[in-house]
Amino acid sequence: MTATIPIRTADDLEHRLSHRLEDIAERHIDHFGCTDCSCPSHLFYFTADPVHCKAFIEMLEDFRMNRLEQFI
């Protein structure tokens with residue numbers, strides 16, 4: 001199964017997100033989508049559904065919700 005999980009924002013989080021995913025994803029596609037930066041990839045995958053991975057959920061929560069604290 002292939003899926004995407006959106007993170008809605010006006011901020012440019014692509015590289016920060018890539019580095020966080022690099023730490024928790026099982027694999028990545030070398031150099032995918034990163035010809036203009038030093039990231040190893042912008043395409044990562046998991047062999048099991050990452051919604052059952054605590055580190056993934058915490059990362060998603062950080063990017064979706066915890067960043068909002070700066071506006072409160």
# chains A, B, ... in the order shown; residues from 1 in each chain; ligands from 1

call {"tool": "closest_atom_pairs", "arguments": {"of": "stretch 37-68 of chain A", "to": "stretch 2-26 of chain A", "cutoff": "6 Å", "atoms": "only C-alpha atoms", "output": "Markdown table"}}
result
| residue | atom | partner | partner_atom | distance |
| --- | --- | --- | --- | --- |
| A:His42 | CA | A:Ser18 | CA | 5.7 |
| A:Tyr45 | CA | A:Ala25 | CA | 5.9 |
| A:Phe46 | CA | A:Glu26 | CA | 5.3 |
| A:Arg64 | CA | A:Ile7 | CA | 6.0 |

call {"tool": "select_by_dssp", "arguments": {"residues": "chain A", "states": "helix (DSSP H, G or I)", "output": "ChimeraX atom specification"}}
result
/A:14-24,50-52,54-64,66-71

call {"tool": "select_by_dssp", "arguments": {"residues": "chain A", "states": "strand (DSSP E or B)", "output": "PyMOL selection string"}}
result
chain A and resi 27-28+44-45

call {"tool": "closest_residue", "arguments": {"among": "A:Leu43, A:Leu68, A:Met59, A:Val51", "to": "A:Ile29", "atoms": "only C-alpha atoms"}}
result
A:Leu43

call {"tool": "atom_distance", "arguments": {"atom1": "atom CA of A:His28", "atom2": "atom CA of A:Pro50"}}
result
14.0 Å

call {"tool": "atom_distance", "arguments": {"atom1": "atom CA of A:Phe44", "atom2": "atom CA of A:Asp30"}}
result
9.3 Å
